[in-house]
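Undergrad: This is the structure I have questions about; it appears just below.
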Amino acid sequence: MTETSRRTVLAGAGALPIAAGLALPRGARAQGAPMKIGLLSDMSGPYRDLNGPNSIAAARVAIQEMAPRINAELLVADHQNRPDVGVNITRQWFDRDGVDMVLNLAASSVALAVSDLARERNKVAIATSTATSDLTGRACNANTIHWVYDTYMLAKSTGGAMVRAGGDTWFFITADYAFGHALERDTANFVRNAGGRVVGAVRTPFPGTTDFSSFLLQAQASRAKVIGLANAGTDTTNCIKQAAEFGLARRGIKLASMLMFISDVHALGLETAQGLVCSASYYWDLNDRTRAIARRIRAGVNNDTPVTMAHAGDYSATLHYLKAAAEMGAAAAKADGRAVVARMKAMPTSDDAFGEGTIRADGRKMHPAYLFEVKSPAESRGQHDYYKLLQTSAADDAFRPLAEGGCAMVRS
Amino acid sequence: MASETTAGAIASPRDEIGFWGFSKPQLAALAVLIAFIAVAPYFLYPVFLMKLLCFALFACAFNLLIGYVGLLSFGHAAYFGMGGYIAGHTAKVWGLTPELAVLAGAAFACVQGWIFGWIAIRRQGIYFAMITLALAQMVYFFCLQAPFTGGEDGIQAIPRGSLFGVISLEPDMTMYWFVAAVFLAGFLFIHRIIHSPYGQVLKAIRENEPRATSLGYRTDDYKLVAFILSATISGVAGGVKSLVFGIATLTDVFWAMSGEAVLMTLVGGIGTVFGPVVGAAVIVTMQNYLAEMGAWVTVIQGVIFVIIVLAFRRGIVGEIANLLRVKL
């Protein structure tokens, strides 16, 4: 990559007022070769809003916060949702540009490939915007950490907690491919385990279905209290828009989306999205700390996109990574990605976005999961005031138990 | 072989066919190409160059059909992608050595091209393009659902393995020479096809199919063989690409990939031997080095496409050849 085309952020160069009395750990002074963090994500495609510019701002906030203790540089690239482009960039980052950690990753196909590459080159990969729970299951390795959420957590929180909140009969509208099938199967299990009932399901052709009206009418006719949307992206938003046109919410039917970001709600508008139920591990208006970090991230961008859980994850992951690197010393951290990940797992996490947490042996970052309902326009009292909290699942309850994932590192 | 006097082509003394079917200017261009391949990895990133060579071979295979038979296939991603999936699967699950995995991918693409070609060549022009697109979309949906492809996650962590079970391809430079050898073999093979008597018949069909029929050629047979050859070489390119990156995913069977083959060939120059290579280099370089510019990648690609179509109708190499009054 040429010098001119690289969007490099030198953090910490300007801000180095080290507090005089602050006792720094040995070898952790902010000097020497900087840690290089590569933010690899979708900057132009369908996942731009939930990653994109806010992710860059979030990583910068963390780098600035750690500037007194360690120098770090941020590189940014758009993988255009193409695994080959993502792999090529990551290889180049590792081999030529001396990047130590790759962040965000987004699309599952890219994340799995980059994770494998990080293992091969002994670097660090942190997925903050990736859905597949395989990253900490079959495909787990000692160089990868999965932050924020995964399909298991979404299915469990939305399926299980929703039944406890009263939605005990379900009908699924499922995108007809592996991801949709897995989401439906997992969610249905949690619904049944929580004492609910699945009254039916319909498979919609993928990709390319734009008219969901017949599927929605079928779902309505089943008299289920909850319609589960086991799909993603435009399929989900189309379903929600058309359900709003049919007035399903007025009839007391709840839509439960398995994969939904606050940026999607923002794009749909409350008029359309009201009453929708979805899960997330971060919402900006949970408490003072989450509000503070959202403010800091939004201060670095010039747009109206709300801070999603992926953005919060980019901040939190970068912060924790730099803390571990600072404790080890930059030289040691640059030399051995596996050791940094081991150190990150040994240290408890603490930040404004997710509060206190831990990283499990299989690379799963543990924190609570929340079930939200989208407010009606009348209930919303300000910018981005979209969610009301229905249920909270504790960290140990929210994610897949360690033994069930099939991660080889756990057995050994 | 008589000098070609096709419409728009320039026949000059410099175009005399010499060594291996190469005219003197073509030999010079080939020397430049080989020199570039030999020197480039010491200056540019090898993995990027490998990707470039894979796409160049893919575009050359596509050009064999559009440039020399006049058939616009809009479904070449099907052979490229399946070549990648089959090579990836056989290398990872069956444990085949890389050369055998690539051959397996090529063999599959060959059979696929045989069946699809047999159906598609019965129609011409837009109908041909639509049939190939429809068949390619069927392959896409098959790959989306079939268990062995891994759905939207693709086949991950494909090992590069050891060439003939002896030479490890894990180091990037070793892999690069392997890819370069495959590319050059494919490129020379295509060049040989074009300049063989068989290739002359193909060009005759391109110019005037009824006349070729009246001369006693069974044009459908010729077109089918060209189609199969093109599909097979696409499969080789796809197979090698999956080994280079260690992944085979839906991107490679998606219709946008077919569109990219068209774009590369148009940018480089339809019906020129070296055009697709240059076109692939331009497009792949843009995708890689503009990756930091986000949404602008596709916009810039579109603008370049429009400029080429409006101002350089013959493509980059086509215009250069026209300027120098030679065939490249």
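How things are named: the first chain in the structure tokens is A, the next is B, and so on; residues count from 1 in each chain; ligands count from 1 in the order shown.
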Tell me which protein, DNA and RNA residues are within 8 Å of segment 140-152 of chain A, counting only C-alpha atoms, leaving out same-chain ones fewer than 2 positions away, and put them as a PyMOL selection string.

TA: chain A and resi 115-116+118-119+122-138+154-156+183+186+280-281+309-310+313+317+337-338+341-342+359+362-366+399-400+407-409

Undergrad: Residues of chain B within 9 Å of chain A, counting only C-alpha atoms, what are they? List them as a count of residues only.

TA: 35

Undergrad: Taking 3 positions as the minimum chain separation for residues in the same chain, which residues sit within 10 Å of Gly70 of chain B when counting only C-alpha atoms? Answer as a list in words.

TA: Asn63, Leu64, Leu65, Ile66, Gly67, Ser73, Gln124, Gly125, Leu202, Lys203, Ile205, Arg206, Glu207, Lys223, Ile270 and Gly271 of chain B

Undergrad: Using DSSP on the backbone, list every residue of segment 13-160 of chain B that comes out as helix (DSSP H, G or I), and give them as a PyMOL selection string.

TA: chain B and resi 13-15+19-21+24-42+46-68+77-92+98-120+125-145+147-149+151-153

Undergrad: May I ask which of the residues A:Thr90, A:Asn104, A:Thr358, A:Gln218 is the closest one to Asp396 of chain A, counting only C-alpha atoms?

TA: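 Ranking A:Thr90, A:Asn104, A:Thr358, A:Gln218 by distance to Asp396 of chain A, first place goes to A:Thr358.
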